[in-house]
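Peer 1: Quick one: the structure is below, questions incoming.
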Amino acid sequence: MYARRRRCYFLMMGGCLVLFVSAWAFVRLWSMPAAIAMCVVAMVIPPLAAMVANRRGPEDRWWDDPSGDPQSDEWWDELDGKKRR
């Protein structure tokens, strides 16, 4: 689950880097508006990549799920102010 998200993040960030570098190394020689458009697209990719990398999948445990260790769960419940029933 984490490897899939990490791979997707690095592919997106790699695409961002390729867009940015190619826009100012090659594309600007032919079309300045196209280079600027490529940079705008590259600017949008990092926040999307961060959302993809931090998205919770259906198989992921969430931070407040019980761990299965009764002593640890009791301790965290006490810290969070929760009472076990």
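Each chain in the structure tokens gets a letter, A, B, ..., in the order shown, and its residues are numbered from 1; ligands are numbered from 1 in order too.
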List every residue of chain A that DSSP, applied to the backbone of this structure, assigns to helix (DSSP H, G or I), and report them as a PyMOL selection string.
Peer 2: chain A and resi 2-30+32-54+70-80
Peer 1: Considering only C-alpha atoms, state which residue in the set A:Gly81, A:Gly68, A:Arg56, A:Val41 is at the smallest distance from Val18 of chain A.
Peer 2: A:Val41
Peer 1: Can you tell me, as number ranges by chain, what residues are no more than 10 Å from Asn54 of chain A when counting only C-alpha atoms, ignoring any on the same chain fewer than 4 positions away?
Peer 2: A: 2, 5-6, 9, 48-50
Peer 1: Generate a file of the selected residues that holds all heavy atoms, formatted as an mmCIF file, in the first residue's frame.
Peer 2:
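Listing of again16.cif after writing:
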```
data_model
loop_
_atom_site.group_PDB
_atom_site.id
_atom_site.type_symbol
_atom_site.label_atom_id
_atom_site.label_comp_id
_atom_site.auth_asym_id
_atom_site.auth_seq_id
_atom_site.Cartn_x
_atom_site.Cartn_y
_atom_site.Cartn_z
ATOM 1 N N TYR A 2 1.898 1.288 0.845
ATOM 2 C CA TYR A 2 2.750 2.470 0.887
ATOM 3 C C TYR A 2 3.645 2.542 -0.343
ATOM 4 O O TYR A 2 3.916 3.622 -0.849
ATOM 5 C CB TYR A 2 3.601 2.481 2.148
ATOM 6 C CG TYR A 2 2.773 2.585 3.411
ATOM 7 C CD1 TYR A 2 2.775 1.569 4.339
ATOM 8 C CD2 TYR A 2 1.987 3.697 3.647
ATOM 9 C CE1 TYR A 2 2.001 1.654 5.491
ATOM 10 C CE2 TYR A 2 1.214 3.796 4.793
ATOM 11 C CZ TYR A 2 1.235 2.767 5.712
ATOM 12 O OH TYR A 2 0.471 2.850 6.823
ATOM 13 N N ARG A 5 1.713 4.056 -3.283
ATOM 14 C CA ARG A 5 1.562 5.511 -3.159
ATOM 15 C C ARG A 5 2.887 6.216 -3.358
ATOM 16 O O ARG A 5 2.946 7.281 -3.989
ATOM 17 C CB ARG A 5 0.982 5.858 -1.794
ATOM 18 C CG ARG A 5 -0.448 5.430 -1.658
ATOM 19 C CD ARG A 5 -1.132 6.009 -0.466
ATOM 20 N NE ARG A 5 -0.337 6.076 0.727
ATOM 21 C CZ ARG A 5 -0.758 5.781 1.941
ATOM 22 N NH1 ARG A 5 -1.981 5.379 2.106
ATOM 23 N NH2 ARG A 5 0.020 5.880 2.979
ATOM 24 N N ARG A 6 3.965 5.648 -2.835
ATOM 25 C CA ARG A 6 5.294 6.241 -2.990
ATOM 26 C C ARG A 6 5.692 6.247 -4.468
ATOM 27 O O ARG A 6 6.217 7.245 -4.968
ATOM 28 C CB ARG A 6 6.314 5.454 -2.170
ATOM 29 C CG ARG A 6 7.645 6.132 -2.088
ATOM 30 C CD ARG A 6 8.643 5.379 -1.218
ATOM 31 N NE ARG A 6 8.030 4.810 -0.041
ATOM 32 C CZ ARG A 6 8.235 3.563 0.373
ATOM 33 N NH1 ARG A 6 9.040 2.764 -0.290
ATOM 34 N NH2 ARG A 6 7.654 3.110 1.452
ATOM 35 N N TYR A 9 3.754 8.918 -6.235
ATOM 36 C CA TYR A 9 4.282 10.237 -5.863
ATOM 37 C C TYR A 9 5.540 10.557 -6.661
ATOM 38 O O TYR A 9 5.678 11.639 -7.232
ATOM 39 C CB TYR A 9 4.578 10.272 -4.357
ATOM 40 C CG TYR A 9 5.266 11.539 -3.913
ATOM 41 C CD1 TYR A 9 4.537 12.702 -3.695
ATOM 42 C CD2 TYR A 9 6.633 11.571 -3.711
ATOM 43 C CE1 TYR A 9 5.161 13.866 -3.292
ATOM 44 C CE2 TYR A 9 7.266 12.736 -3.308
ATOM 45 C CZ TYR A 9 6.522 13.874 -3.099
ATOM 46 O OH TYR A 9 7.149 15.025 -2.708
ATOM 47 N N LEU A 48 -0.923 18.018 -5.817
ATOM 48 C CA LEU A 48 -1.668 16.802 -6.135
ATOM 49 C C LEU A 48 -0.876 15.560 -5.745
ATOM 50 O O LEU A 48 -1.437 14.585 -5.235
ATOM 51 C CB LEU A 48 -2.011 16.762 -7.618
ATOM 52 C CG LEU A 48 -2.970 17.835 -8.115
ATOM 53 C CD1 LEU A 48 -3.144 17.753 -9.624
ATOM 54 C CD2 LEU A 48 -4.297 17.735 -7.411
ATOM 55 N N ALA A 49 0.437 15.588 -5.976
ATOM 56 C CA ALA A 49 1.286 14.456 -5.597
ATOM 57 C C ALA A 49 1.293 14.261 -4.082
ATOM 58 O O ALA A 49 1.262 13.130 -3.600
ATOM 59 C CB ALA A 49 2.705 14.665 -6.108
ATOM 60 N N ALA A 50 1.311 15.353 -3.335
ATOM 61 C CA ALA A 50 1.266 15.242 -1.876
ATOM 62 C C ALA A 50 -0.060 14.660 -1.407
ATOM 63 O O ALA A 50 -0.099 13.851 -0.475
ATOM 64 C CB ALA A 50 1.509 16.614 -1.239
#
```
Peer 1: Nearest to Arg55 of chain A: which of A:Leu79, A:Cys8, A:Leu19, A:Ala35 is it, counting only C-alpha atoms?
Peer 2: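 When distances to Arg55 of chain A are compared using only C-alpha atoms, the smallest one comes from A:Cys8.
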Peer 1: Find the distance between atom CA of Pro33 of chain A and atom CA of Pro47 of chain A and write it in Å to one decimal.
Peer 2: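 For atom CA of Pro33 of chain A relative to atom CA of Pro47 of chain A, the distance reads 23.0 Å.
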Peer 1: Please indicate the distance in Å from atom CA of Met12 of chain A to atom CA of Cys39 of chain A, rounded to one decimal place.
Peer 2: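 Those two atoms sit 14.1 Å apart.
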Peer 1: Enter the distance from atom CA of Val44 of chain A to atom CA of Trp24 of chain A, in Å, rounded to one decimal.
Peer 2: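 So the answer is 17.0 Å.
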